[in-house]
Every structure is written in C-alpha cells, then in structure tokens.
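Raw contents of run_1.txt, compact mmCIF, C-alpha atoms and all ligand atoms:
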# COMPACT_ATOMS: atom_id res chain seq x y z
CA GLU A 811 18.37 57.43 -97.80
CA TYR A 812 19.57 54.76 -95.41
CA LYS A 813 23.25 53.94 -96.01
CA GLY A 814 22.80 55.23 -99.54
CA MET A 815 20.01 52.73 -100.26
CA SER A 816 17.31 54.10 -102.55
CA LYS A 817 13.63 53.18 -102.31
CA GLU A 818 13.84 51.39 -105.65
CA ARG A 819 16.75 49.31 -104.38
CA MET A 820 14.81 48.37 -101.23
CA MET A 821 11.79 47.29 -103.29
CA GLU A 822 14.07 45.23 -105.52
CA ILE A 823 15.60 43.47 -102.49
CA ARG A 824 12.12 43.00 -101.05
CA ARG A 825 11.00 41.28 -104.26
CA LYS A 826 14.11 39.12 -104.54
CA ASN A 827 15.32 38.35 -101.04
CA CYS A 828 12.42 38.84 -98.64
CA ASN A 829 9.56 36.58 -97.61
CA PRO A 830 7.16 37.11 -100.57
CA MET A 831 4.19 37.26 -98.23
CA ILE A 832 5.31 40.62 -96.89
CA MET A 833 4.83 42.04 -100.38
CA LYS A 834 1.21 40.98 -100.18
CA VAL A 835 0.73 42.23 -96.67
CA THR A 836 2.22 45.63 -97.50
CA SER A 837 -0.96 46.42 -99.45
CA TYR A 838 -0.28 50.15 -99.76
CA LYS A 839 0.09 51.02 -103.43
CA LYS A 840 2.69 53.57 -102.41
CA PRO A 841 4.50 51.87 -99.52
CA VAL A 842 5.70 53.70 -96.44
CA PHE A 843 9.47 53.58 -96.09
CA VAL A 844 9.82 53.96 -92.35
CA HIS A 845 12.98 55.45 -91.00
CA GLN A 846 12.48 56.67 -87.47
CA GLY A 847 10.00 56.74 -84.62
CA HIS A 848 9.27 58.84 -81.58
CA MET A 849 6.28 58.20 -79.30
CA GLN A 850 3.13 58.22 -81.50
CA TRP A 851 5.03 59.39 -84.57
CA LEU A 852 6.88 57.70 -87.40
CA TRP A 853 8.96 59.45 -90.05
CA ASP A 854 9.62 58.05 -93.50
CA VAL A 855 12.93 58.24 -95.33
CA ASP A 856 11.87 61.55 -96.92
CA GLY A 857 11.10 63.09 -93.55
CA LYS A 858 7.29 62.91 -93.89
CA ARG A 859 5.67 62.42 -90.50
CA TYR A 860 2.90 59.89 -89.81
CA LEU A 861 0.69 59.47 -86.80
CA ASP A 862 1.01 55.77 -86.06
CA PHE A 863 -2.48 54.50 -85.18
CA PHE A 864 -1.58 50.86 -85.69
CA ALA A 865 1.59 50.68 -83.56
CA GLY A 866 2.77 47.44 -85.15
CA VAL A 867 -0.55 45.79 -84.22
CA ALA A 868 -0.76 47.21 -80.69
CA THR A 869 2.88 46.32 -80.07
CA VAL A 870 4.30 49.75 -79.38
CA SER A 871 2.49 50.22 -76.10
CA VAL A 872 4.00 53.32 -74.51
CA GLY A 873 5.47 55.02 -77.59
CA HIS A 874 8.18 54.50 -80.20
CA CYS A 875 11.66 54.84 -78.68
CA HIS A 876 10.13 56.08 -75.43
CA PRO A 877 13.01 57.95 -73.73
CA ARG A 878 12.68 56.09 -70.41
CA VAL A 879 12.51 52.65 -72.04
CA THR A 880 15.34 53.49 -74.42
CA ALA A 881 17.50 54.61 -71.49
CA ALA A 882 16.79 51.32 -69.67
CA ALA A 883 17.69 49.34 -72.81
CA LEU A 884 20.92 51.29 -73.31
CA GLN A 885 21.97 50.85 -69.70
CA GLN A 886 21.45 47.07 -69.93
CA LEU A 887 23.08 46.94 -73.37
CA LYS A 888 26.29 48.25 -71.87
CA ARG A 889 26.15 45.96 -68.84
CA LEU A 890 25.10 42.52 -70.09
CA TRP A 891 23.23 41.38 -73.21
CA HIS A 892 22.95 37.77 -72.55
CA THR A 893 23.42 34.97 -70.12
CA THR A 894 21.57 31.73 -69.76
CA ASN A 895 19.00 31.61 -67.02
CA ILE A 896 20.85 28.86 -65.16
CA TYR A 897 22.57 31.88 -63.57
CA VAL A 898 20.78 34.25 -61.26
CA TYR A 899 20.77 37.74 -62.75
CA PRO A 900 18.89 40.72 -61.32
CA PRO A 901 16.79 41.93 -64.31
CA LEU A 902 14.95 38.59 -64.62
CA HIS A 903 14.02 38.55 -60.95
CA GLU A 904 13.08 42.18 -60.82
CA TYR A 905 10.82 41.64 -63.82
CA CYS A 906 9.15 38.38 -62.75
CA GLU A 907 8.19 39.87 -59.40
CA LYS A 908 6.96 43.09 -60.99
CA LEU A 909 4.90 41.33 -63.68
CA ALA A 910 3.40 38.91 -61.16
CA SER A 911 2.34 41.87 -58.99
CA HIS A 912 0.10 43.00 -61.88
CA LEU A 913 -1.85 39.73 -61.85
CA PRO A 914 -4.43 38.46 -59.36
CA ASP A 915 -3.85 35.41 -57.19
CA PRO A 916 -3.13 32.61 -57.90
CA LEU A 917 -1.41 33.75 -61.14
CA LYS A 918 2.10 34.16 -59.82
CA VAL A 919 4.50 31.93 -61.79
CA VAL A 920 6.12 33.56 -64.83
CA TYR A 921 7.64 31.89 -67.91
CA LEU A 922 9.36 34.24 -70.32
CA THR A 923 9.41 33.64 -74.08
CA ASN A 924 10.34 35.61 -77.18
CA SER A 925 6.98 35.92 -78.92
CA GLY A 926 3.25 35.44 -78.59
CA SER A 927 3.27 32.23 -80.60
CA GLU A 928 5.88 30.79 -78.26
CA ALA A 929 3.85 31.82 -75.25
CA ASN A 930 0.71 30.17 -76.63
CA ASP A 931 2.66 27.05 -77.64
CA LEU A 932 3.88 26.78 -74.08
CA ALA A 933 0.42 27.36 -72.65
CA MET A 934 -1.03 24.62 -74.89
CA MET A 935 1.56 22.16 -73.68
CA MET A 936 1.08 23.10 -70.03
CA ALA A 937 -2.70 22.83 -70.28
CA ARG A 938 -2.47 19.38 -71.82
CA LEU A 939 0.06 18.15 -69.28
CA HIS A 940 -1.85 19.54 -66.34
CA THR A 941 -5.33 18.34 -67.28
CA GLY A 942 -4.45 15.14 -69.12
CA ASN A 943 -6.89 16.34 -71.80
CA PHE A 944 -5.97 17.09 -75.37
CA ASP A 945 -8.67 19.17 -77.03
CA ILE A 946 -8.39 22.94 -77.11
CA ILE A 947 -11.20 25.31 -78.06
CA THR A 948 -10.71 28.79 -79.55
CA PHE A 949 -12.99 31.14 -81.47
CA ARG A 950 -13.50 31.35 -85.20
CA GLY A 951 -11.80 34.32 -86.75
CA SER A 952 -9.18 34.41 -84.01
CA TYR A 953 -5.41 34.74 -84.27
CA HIS A 954 -3.21 33.15 -81.63
CA GLY A 955 0.01 32.47 -83.52
CA GLY A 956 1.56 31.03 -86.65
CA SER A 957 3.73 28.22 -85.25
CA PRO A 958 2.85 24.61 -86.19
CA GLN A 959 0.88 24.18 -82.92
CA THR A 960 -0.70 27.61 -82.52
CA ILE A 961 -1.86 27.68 -86.14
CA GLY A 962 -4.47 25.19 -84.90
CA LEU A 963 -5.77 27.83 -82.48
CA THR A 964 -5.78 30.48 -85.19
CA SER A 965 -8.97 30.29 -87.15
CA ASN A 966 -8.71 32.62 -90.08
CA SER A 967 -8.28 31.11 -93.53
CA ALA A 968 -5.73 33.75 -94.53
CA TYR A 969 -3.21 32.14 -92.20
CA LYS A 970 -3.94 28.51 -93.00
CA TYR A 971 -1.92 26.28 -95.31
CA PRO A 972 -3.18 23.14 -97.08
CA ILE A 973 -1.18 20.79 -94.89
CA ALA A 974 -2.23 18.65 -91.95
CA GLY A 975 -2.63 21.08 -89.06
CA ALA A 976 -2.23 20.80 -85.32
CA SER A 977 -4.58 18.15 -84.04
CA GLY A 978 -6.91 18.59 -81.11
CA CYS A 979 -7.86 22.20 -81.90
CA THR A 980 -11.50 23.09 -82.39
CA ASN A 981 -12.73 26.55 -83.30
CA THR A 982 -16.12 27.47 -81.95
CA MET A 983 -18.46 30.32 -82.89
CA CYS A 984 -17.36 33.77 -81.84
CA PRO A 985 -20.26 35.61 -80.20
CA ASP A 986 -20.26 38.26 -82.91
CA VAL A 987 -23.59 40.03 -82.80
CA PHE A 988 -22.93 42.19 -85.84
CA ARG A 989 -22.10 39.52 -88.39
CA GLY A 990 -22.93 36.35 -86.51
CA PRO A 991 -25.73 33.92 -87.35
CA TRP A 992 -27.95 35.93 -85.05
CA GLY A 993 -27.96 38.96 -87.33
CA GLY A 994 -28.83 42.08 -85.43
CA SER A 995 -28.18 45.76 -85.51
CA HIS A 996 -27.09 48.48 -83.18
CA CYS A 997 -28.46 49.35 -79.83
CA ARG A 998 -30.76 52.31 -80.16
CA ASP A 999 -30.04 53.57 -76.66
CA SER A 1000 -26.35 54.16 -76.74
CA PRO A 1001 -23.98 54.76 -79.62
CA VAL A 1002 -21.13 52.89 -78.02
CA GLN A 1003 -21.42 49.70 -76.11
CA THR A 1004 -18.57 47.81 -74.66
CA ILE A 1005 -18.50 44.28 -73.41
CA ARG A 1006 -19.18 45.44 -69.90
CA ASP A 1007 -21.76 48.09 -70.61
CA CYS A 1008 -23.91 46.18 -73.00
CA GLY A 1009 -23.27 42.63 -72.01
CA CYS A 1010 -22.64 41.60 -75.59
CA ALA A 1011 -19.22 40.22 -76.21
CA GLN A 1012 -18.58 42.15 -79.41
CA GLY A 1013 -20.36 45.39 -79.03
CA HIS A 1014 -23.93 46.13 -79.91
CA CYS A 1015 -26.90 44.42 -78.45
CA MET A 1016 -29.65 43.99 -81.01
CA ALA A 1017 -32.29 42.67 -78.65
CA ASN A 1018 -34.10 46.00 -78.87
CA GLU A 1019 -34.87 45.53 -82.53
CA HIS A 1020 -35.27 41.78 -82.68
CA PRO A 1021 -37.05 40.82 -79.52
CA SER A 1022 -37.18 37.15 -80.34
CA ARG A 1023 -36.69 34.78 -77.50
CA GLU A 1024 -33.57 33.34 -78.97
CA LEU A 1025 -31.93 36.72 -79.11
CA GLU A 1026 -32.94 37.56 -75.59
CA GLU A 1027 -31.53 34.28 -74.41
CA LEU A 1028 -28.38 34.91 -76.32
CA CYS A 1029 -27.96 38.36 -74.84
CA SER A 1030 -28.53 37.13 -71.32
CA THR A 1031 -25.89 34.48 -71.89
CA LEU A 1032 -23.53 37.00 -73.44
CA LYS A 1033 -23.88 39.23 -70.42
CA ASN A 1034 -21.79 36.73 -68.56
CA PHE A 1035 -20.23 35.20 -71.61
CA LEU A 1036 -16.71 34.76 -70.30
CA LYS A 1037 -17.88 33.61 -66.89
CA GLU A 1038 -20.24 31.03 -68.35
CA ALA A 1039 -17.64 29.83 -70.84
CA TYR A 1040 -15.09 29.42 -68.01
CA THR A 1041 -17.63 27.45 -65.97
CA LEU A 1042 -18.44 25.15 -68.89
CA VAL A 1043 -14.78 24.45 -69.56
CA ARG A 1044 -13.88 23.91 -65.90
CA GLU A 1045 -16.86 21.63 -65.31
CA ARG A 1046 -15.37 19.37 -67.94
CA GLY A 1047 -11.90 19.30 -66.41
CA GLY A 1048 -10.45 21.99 -68.63
CA VAL A 1049 -8.39 25.08 -67.89
CA CYS A 1050 -8.94 28.58 -69.26
CA ILE A 1051 -6.23 30.55 -71.03
CA ALA A 1052 -6.55 34.28 -71.65
CA ASP A 1053 -4.54 35.44 -74.67
CA GLU A 1054 -3.72 39.02 -73.69
CA VAL A 1055 -1.18 39.54 -76.45
CA GLN A 1056 -3.11 42.56 -77.76
CA THR A 1057 -5.49 43.38 -74.94
CA GLY A 1058 -3.09 43.45 -72.00
CA PHE A 1059 -1.02 46.19 -70.39
CA GLY A 1060 -3.84 48.68 -70.00
CA ARG A 1061 -4.92 48.87 -73.64
CA THR A 1062 -8.61 48.33 -72.87
CA GLY A 1063 -8.57 51.28 -70.51
CA THR A 1064 -10.90 50.13 -67.76
CA HIS A 1065 -8.49 47.45 -66.60
CA PHE A 1066 -4.90 46.32 -66.96
CA TRP A 1067 -5.97 42.98 -68.52
CA GLY A 1068 -8.79 42.24 -70.92
CA PHE A 1069 -10.22 39.44 -68.78
CA GLN A 1070 -10.74 41.82 -65.85
CA GLY A 1071 -14.21 43.17 -65.28
CA HIS A 1072 -15.82 39.88 -66.26
CA ASP A 1073 -15.62 38.22 -62.87
CA VAL A 1074 -13.18 35.55 -64.04
CA ILE A 1075 -9.59 34.60 -63.27
CA PRO A 1076 -7.91 32.52 -65.97
CA ASP A 1077 -5.65 29.58 -65.19
CA MET A 1078 -3.05 31.00 -67.54
CA VAL A 1079 -2.47 34.37 -69.14
CA THR A 1080 -0.35 34.64 -72.28
CA MET A 1081 1.15 37.92 -73.38
CA ALA A 1082 3.55 39.47 -75.91
CA LYS A 1083 3.60 42.56 -78.20
CA GLY A 1084 3.01 45.48 -75.81
CA ILE A 1085 4.95 43.71 -73.05
CA GLY A 1086 8.23 44.99 -74.52
CA ASN A 1087 6.99 48.08 -76.42
CA GLY A 1088 8.36 46.41 -79.58
CA PHE A 1089 11.24 44.48 -78.04
CA PRO A 1090 10.74 40.77 -78.91
CA MET A 1091 9.27 39.16 -75.84
CA GLY A 1092 6.39 37.08 -74.56
CA ALA A 1093 5.24 35.45 -71.34
CA VAL A 1094 2.96 32.90 -69.77
CA VAL A 1095 1.82 33.53 -66.22
CA THR A 1096 0.15 30.65 -64.45
CA THR A 1097 -0.63 29.12 -61.07
CA PRO A 1098 1.87 27.27 -58.85
CA GLU A 1099 -0.25 24.15 -59.32
CA ILE A 1100 0.00 24.15 -63.12
CA ALA A 1101 3.68 25.09 -62.90
CA ALA A 1102 4.24 22.03 -60.69
CA SER A 1103 2.66 19.76 -63.33
CA PHE A 1104 4.93 21.28 -65.94
CA ALA A 1105 8.06 20.93 -63.78
CA LYS A 1106 8.07 17.18 -64.39
CA GLY A 1107 10.16 17.72 -67.53
CA VAL A 1108 12.90 20.20 -68.39
CA HIS A 1109 11.79 23.36 -70.15
CA PHE A 1110 14.54 25.53 -71.56
CA ASN A 1111 14.48 28.62 -73.76
CA THR A 1112 17.82 30.23 -74.71
CA PHE A 1113 16.56 33.78 -75.15
CA GLY A 1114 13.42 33.70 -73.02
CA GLY A 1115 13.93 36.13 -70.15
CA ASN A 1116 17.24 37.50 -71.44
CA PRO A 1117 18.60 40.52 -69.54
CA MET A 1118 17.81 42.99 -72.35
CA ALA A 1119 14.17 41.92 -72.64
CA CYS A 1120 13.70 41.96 -68.86
CA ALA A 1121 15.24 45.43 -68.47
CA VAL A 1122 13.07 46.79 -71.28
CA ALA A 1123 9.86 45.13 -70.09
CA SER A 1124 10.44 46.27 -66.54
CA SER A 1125 10.79 49.82 -67.74
CA VAL A 1126 7.60 49.41 -69.81
CA LEU A 1127 5.65 48.49 -66.66
CA ASP A 1128 7.05 51.55 -64.86
CA THR A 1129 6.21 53.74 -67.83
CA ILE A 1130 2.62 52.52 -68.06
CA LYS A 1131 2.22 53.63 -64.47
CA GLU A 1132 4.18 56.86 -64.60
CA ASP A 1133 2.72 58.10 -67.90
CA GLY A 1134 -0.81 57.01 -66.94
CA THR A 1135 -1.25 55.20 -70.24
CA GLN A 1136 -4.17 53.05 -69.08
CA GLN A 1137 -6.06 56.22 -68.17
CA ILE A 1138 -5.20 57.65 -71.60
CA SER A 1139 -6.59 54.47 -73.21
CA LEU A 1140 -9.83 54.89 -71.34
CA LYS A 1141 -10.26 58.62 -71.93
CA VAL A 1142 -9.05 58.99 -75.51
CA GLY A 1143 -10.30 55.54 -76.61
CA THR A 1144 -13.83 56.13 -75.31
CA TYR A 1145 -13.88 59.57 -76.91
CA MET A 1146 -12.81 58.12 -80.26
CA MET A 1147 -15.44 55.38 -80.14
CA LEU A 1148 -18.20 57.85 -79.36
CA GLU A 1149 -17.09 60.09 -82.22
CA LEU A 1150 -16.68 57.13 -84.60
CA ALA A 1151 -20.18 56.01 -83.66
CA LYS A 1152 -21.43 59.40 -84.89
CA LEU A 1153 -19.67 58.76 -88.20
CA ARG A 1154 -21.25 55.32 -88.28
CA ASP A 1155 -24.68 56.92 -88.04
CA LYS A 1156 -23.78 59.43 -90.75
CA TYR A 1157 -22.17 57.22 -93.40
CA GLU A 1158 -23.76 54.26 -95.16
CA ILE A 1159 -20.50 52.32 -95.40
CA ILE A 1160 -19.56 52.38 -91.72
CA GLY A 1161 -21.40 49.34 -90.41
CA ASP A 1162 -20.14 48.97 -86.89
CA VAL A 1163 -17.82 50.55 -84.37
CA ARG A 1164 -16.66 48.44 -81.46
CA GLY A 1165 -13.87 47.99 -79.03
CA LYS A 1166 -12.64 49.03 -75.66
CA GLY A 1167 -10.05 51.64 -74.80
CA LEU A 1168 -7.48 51.97 -77.55
CA GLN A 1169 -8.43 48.68 -79.23
CA ILE A 1170 -11.01 49.78 -81.79
CA GLY A 1171 -12.53 48.16 -84.86
CA VAL A 1172 -14.47 50.02 -87.54
CA GLU A 1173 -16.32 47.54 -89.71
CA MET A 1174 -17.00 48.70 -93.25
CA VAL A 1175 -19.95 47.50 -95.34
CA LYS A 1176 -21.25 48.02 -98.86
CA ASP A 1177 -24.44 49.32 -97.30
CA LYS A 1178 -26.15 49.04 -93.96
CA ALA A 1179 -29.07 46.98 -95.23
CA SER A 1180 -27.04 44.14 -96.72
CA ARG A 1181 -24.07 44.35 -94.36
CA ASP A 1182 -21.98 42.85 -97.13
CA PRO A 1183 -18.34 43.53 -96.36
CA LEU A 1184 -16.76 46.42 -98.23
CA PRO A 1185 -14.53 44.62 -100.79
CA PRO A 1186 -10.72 44.71 -100.35
CA ASP A 1187 -10.13 47.06 -103.31
CA GLU A 1188 -12.60 49.55 -101.87
CA MET A 1189 -11.15 49.21 -98.38
CA ASN A 1190 -7.72 49.90 -99.84
CA LYS A 1191 -8.84 53.22 -101.32
CA ILE A 1192 -9.75 54.56 -97.88
CA PHE A 1193 -6.75 52.88 -96.27
CA GLU A 1194 -4.35 54.53 -98.76
CA ASP A 1195 -6.07 57.88 -98.51
CA VAL A 1196 -5.81 57.92 -94.72
CA LYS A 1197 -2.13 57.05 -95.04
CA ASP A 1198 -1.51 59.80 -97.61
CA MET A 1199 -3.06 62.27 -95.17
CA GLY A 1200 -0.53 61.17 -92.57
CA ILE A 1201 -2.16 58.46 -90.47
CA LEU A 1202 -1.35 54.76 -90.36
CA ILE A 1203 -4.16 52.41 -89.39
CA GLY A 1204 -4.59 48.64 -89.79
CA LYS A 1205 -6.96 46.29 -91.54
CA GLY A 1206 -8.37 42.98 -90.36
CA GLY A 1207 -11.48 40.86 -90.02
CA VAL A 1208 -12.39 37.62 -91.71
CA TYR A 1209 -13.12 39.47 -94.98
CA GLY A 1210 -10.52 42.19 -94.45
CA GLN A 1211 -13.48 44.50 -93.86
CA THR A 1212 -12.50 46.07 -90.56
CA PHE A 1213 -10.19 49.00 -89.97
CA ARG A 1214 -8.15 48.56 -86.84
CA VAL A 1215 -7.25 51.47 -84.63
CA LYS A 1216 -4.71 50.70 -81.93
CA PRO A 1217 -2.26 53.55 -81.42
CA PRO A 1218 0.48 53.70 -78.81
CA MET A 1219 -1.12 54.62 -75.50
CA CYS A 1220 0.67 57.98 -75.40
CA ILE A 1221 -1.68 59.73 -77.84
CA THR A 1222 -3.49 62.96 -77.07
CA MET A 1223 -7.04 64.22 -77.66
CA GLU A 1224 -5.60 66.38 -80.46
CA ASP A 1225 -4.23 63.25 -82.15
CA ALA A 1226 -7.66 61.65 -81.81
CA ASP A 1227 -9.31 64.70 -83.39
CA PHE A 1228 -6.82 64.69 -86.25
CA PHE A 1229 -7.49 61.00 -86.87
CA LEU A 1230 -11.26 61.54 -86.78
CA ALA A 1231 -11.04 64.41 -89.24
CA VAL A 1232 -8.81 62.44 -91.61
CA PHE A 1233 -10.94 59.31 -91.41
CA GLU A 1234 -14.14 61.24 -92.01
CA LYS A 1235 -12.63 63.09 -94.96
CA SER A 1236 -11.46 59.88 -96.61
CA VAL A 1237 -14.86 58.19 -96.10
CA HIS A 1238 -16.62 61.31 -97.34
CA ASP A 1239 -14.40 61.57 -100.43
CA TYR A 1240 -14.86 57.88 -101.13
CA MET A 1241 -18.64 58.27 -101.01
CA GLU A 1242 -18.45 61.23 -103.39
CA ARG A 1243 -16.35 59.27 -105.88
CA ARG A 1244 -18.38 56.09 -105.61
N1 LIG B 1301 -2.05 36.14 -79.98
C1 LIG B 1301 -2.58 37.27 -80.45
C2 LIG B 1301 -3.90 37.75 -79.92
C3 LIG B 1301 -1.93 38.00 -81.45
O1 LIG B 1301 -2.46 39.13 -81.93
C4 LIG B 1301 -0.69 37.52 -81.94
C5 LIG B 1301 0.06 38.26 -83.04
N2 LIG B 1301 -0.72 38.92 -83.97
C6 LIG B 1301 -0.17 36.34 -81.41
C7 LIG B 1301 -0.86 35.69 -80.42
C8 LIG B 1301 1.14 35.80 -81.89
O2 LIG B 1301 2.20 36.60 -81.50
P1 LIG B 1301 3.61 36.58 -82.27
O3 LIG B 1301 3.42 37.18 -83.62
O4 LIG B 1301 4.51 37.38 -81.36
O5 LIG B 1301 4.05 35.16 -82.36

Structure translated into structure tokens:
Amino acid sequence: EYKGMSKERMMEIRRKNCNPMIMKVTSYKKPVFVHQGHMQWLWDVDGKRYLDFFAGVATVSVGHCHPRVTAAALQQLKRLWHTTNIYVYPPLHEYCEKLASHLPDPLKVVYLTNSGSEANDLAMMMARLHTGNFDIITFRGSYHGGSPQTIGLTSNSAYKYPIAGASGCTNTMCPDVFRGPWGGSHCRDSPVQTIRDCGCAQGHCMANEHPSRELEELCSTLKNFLKEAYTLVRERGGVCIADEVQTGFGRTGTHFWGFQGHDVIPDMVTMAKGIGNGFPMGAVVTTPEIAASFAKGVHFNTFGGNPMACAVASSVLDTIKEDGTQQISLKVGTYMMLELAKLRDKYEIIGDVRGKGLQIGVEMVKDKASRDPLPPDEMNKIFEDVKDMGILIGKGGVYGQTFRVKPPMCITMEDADFFLAVFEKSVHDYMERR
C-alpha cells in the first residue's frame, strides 16, 4: 500500500476526483496498480512484476528509472530546478547542441517544449508564418496531439469532440495496404516487410496477389511515398513536418529518426515522449530560415527547456549511445516481427504484423477472409490475459483492433521470447474458447 492507501480507496478517488476518461481508457477489468519501475520492468503494489511492452506509449525509451538518467536528474535536482531561459544556463546549451548534432543539415535550431502537443502546435504556427499558407495536411487515423490546434491534425474519431475544430486541417488517406481502399493481402515472398524493404508505407505489398495496374501503380508510388509526398507539398509552397514523437530516438532500429532511409529531410521535426524517457518534454527542430521567420514575434515558454528536462534529456541521448539501444531495437524488434509473422500465418485472428524496430502493430481480425476487426470485447480478453500472465501491451487502431508493442529499448531476446510465448498462449486459449 502507498501511504496506507488501499486499492479500493484509489478506485474510489479515481471515480470521484479524476478525469472520467481515464476510467474508460484503463480498460483492464482488473486494473494494474503500478508502484515501481526498473528498466523494462514494472511492479504493482502487491509486488507482482510485469514486463512493460507498452512503455507509456513508447515514452520510456531507455528504461524505467534508468540508473544513469536518474543520477543525472538527481544531480540537477540538487543544483537548480528552474530558471527562465532569459538567463544562460549550461544544461540548455549542452542539450541544444547535442540534440542538433543528431539531426542532418539544415535542421539545427531547437525549440524546447513540455509535450508533443505543444511541439506540434508550435510547428503549425511556424509553418503558417513561414509559408504564408494556412492549410495543413495529415493522415487519417493519425494522432498528433489533443490541444485545440493539434486536434485538427489528429484524425481518429475517439479523440474528437462535437465542437468546431481547428480550421485549415485536412486529413488525407493513409497509405494503408492492409485495410485501405486498395484491399490486398500479405506478400508471399517475405513474412515481414518494412517500409524500406517492401516499399509499401504500412507493411505488406499485395501486388503479388492482385496484379491490377492500379495496385502496381500504387506500389510504385508507395516505394517512394515520403519522397513523392514531400515533393508534392514543396512544389505547392508548403513545408514538411515529421512528427517523430513515437518514432524518434532510435526506436525504428535502422535509423535514429523515422524519416531517415526515405531520402528526405523534413523542414521541421517534432519530438516528445522518448526524448525524456518519461520526463515531460518536447521539441521542435527546424532550419535557421524558418526560425528567422518565427523570430518576428516573441515566443516564450516558462517550462520549455528547464534545467531538469535538459539534464535528463541530455543523459537520455548519452544512454541511447552507450547502451546501444538503437541496435537493440533493430535486432530484437526484427526478431519479434519475424516470429509474430509466423503466428500470423498460424492463427486465423492475427491479420497483419507490421512495424519497424521496436514499434510493432499486430492487427487482429475476426477471420482472414473478411478482415473484419476483432471487436473490442474480444480484443480485451486477449489483452487482459496477456496482462495476467505478466506482460503489458497497448491497443490502438481506428477500430481498436491493433495490439501495440513498443517496449523500452533495453529489452533482451529472452524478454522477446517470453512475450512471444505469452502472446501465443493467449491467442491459442482464446481460439479454444471461441
Ligand atoms: N504526436 C504523436 C505521434 C503522439 O503519439 C503523441 C502522443 N500520443 C503526440 C503527438 C502528442 O504528445 P503529448 O501527449 O505529449 O501532447
């Protein structure tokens, strides 16, 4: 018990005094009462250990309470928590230079914020000021924030409210080849395809089975999807923003940033979550040219770039390098996708496996022929079962049909094997009961 507070008492407070939405989002029938974390592990108030394969939606990048990051936070905590950035203090400068060194030219000017929504809000404003244009295009099904402006970028009905939204935001089709209007099925040649390998933005190329011209054209476009999209936008006087809130900091394995490997350089990169390994922080990195357009007014953010956040984030960058977490993402993530693809071929309800590095989606269906999403109640049975066996994963997708696997990047092959065994057992048991 925490300060003598029972689970019942916490649930009562949750019902009475907490944002009611979190009750809905909890979704476990038997909630997890988290008490402590270390690296890839979480312990509940009863001392039961969980392997955390969701990491607060890819937020815990290098591990819960990572000793090196914790030491950096403690050192800064004792020295200076806060000062406004009208003063020159070392952690901010150390961090801005270090972060900028991880980005290609001309992305060298750093703005620090406290969250991903704030970063995207800022990027929207900068893009509009710099280009003189107003309209912003994002993909359907995306999430880019919940603030009054970024909710316009987010295109998932679960997050929308029936009030007038941000104007000037248009959501275009996501090139989803599993559930998109193009239909499709898996590549026969290779069980796991990534954006780079296959050329399809979301995973599996279905041109082998549906050799219609339209599909072939689509696939050839998708091969260079990002590059072509950037060209189209820039030809019309637009700028391109890469939201790396989940995909940055080595999570995709092959590269440090998700946009890398596609022969593009964005005009702005927004980031958050993994940047601080759970410490509230976000950033926009842009070009000197865009920064100059934005310098025409005063931009101020009380907590953005505070000494604590900078000290933590700086240590996170060092840790990514020293612990080799990007290499872990590549090795363990690729292994998991290949093994999950075998489960996909074995079980009728696993429709699709896709991702890159330690950013993996497992899309569940009623059956492979219909591809109808597995309904939420059914999803929850597997979700709960996996949790009861000691692993926390996430759920997402437009219909809540996709399990999300995004552990801290410190996991081992043994952890991956344990997850695979648990996931298979819960799917197997579900099929038996069905
Ligand atoms: N962009 C992406 C891709 C995200 O996943 C999120 C958070 N889920 C955000 C932006 C918003 O970040 P925050 O919750 O820190 O405002």

- Message: Residues contacting ligand LIG 1301 (chain B) - anything with an atom at most 6 Å away, using only C-alpha atoms and all ligand atoms - can you give me those as JSON, numbers by chain?
- Response: {"A": [925, 926, 927, 953, 954, 955, 1053, 1055, 1056, 1082]}

- Query: If you measure from CA of Thr1112 in chain A to CA of Arg889 in chain A, what distance in Å do you get, rounded to one decimal?
  - Reply: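 Straight-line distance from CA of Thr1112 in chain A to CA of Arg889 in chain A works out to 18.7 Å.
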
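Restricting the calculation to only C-alpha atoms, the smallest distance between Gln1211 in chain A and any of A:Gly1167, A:Gly1161, A:Gly975, A:Gly1088 is found for A:Gly1161.
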
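Shortest atom-to-atom contact with Thr964 in chain A among A:Val1208, A:Glu1149, A:Ile1085, A:Val1237: A:Val1208, counting only C-alpha atoms.
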
With range 965-969 of chain A as the partner and 10 Å as the cut-off, tabulate the residues of range 910-960 of chain A that qualify, each row holding the nearest pair of atoms and their distance in Å to one decimal, using only C-alpha atoms, sorted by chain and rising number, as a Markdown table.
| residue | atom | partner | partner_atom | distance |
| --- | --- | --- | --- | --- |
| A:Thr948 | CA | A:Ser965 | CA | 7.9 |
| A:Phe949 | CA | A:Ser965 | CA | 7.0 |
| A:Arg950 | CA | A:Ser965 | CA | 5.0 |
| A:Gly951 | CA | A:Asn966 | CA | 4.9 |
| A:Ser952 | CA | A:Ser965 | CA | 5.2 |
| A:Tyr953 | CA | A:Ser965 | CA | 6.4 |
| A:His954 | CA | A:Ser965 | CA | 8.5 |
| A:Gly955 | CA | A:Tyr969 | CA | 9.3 |
| A:Gly956 | CA | A:Tyr969 | CA | 7.4 |
| A:Thr960 | CA | A:Ser965 | CA | 9.8 |

- Query: Smallest atom-to-atom distance to Pro1217 in chain A: which of A:Lys1033, A:Lys888, A:Lys908, A:Arg1061, using all atoms listed in the file?
  - Reply: A:Arg1061
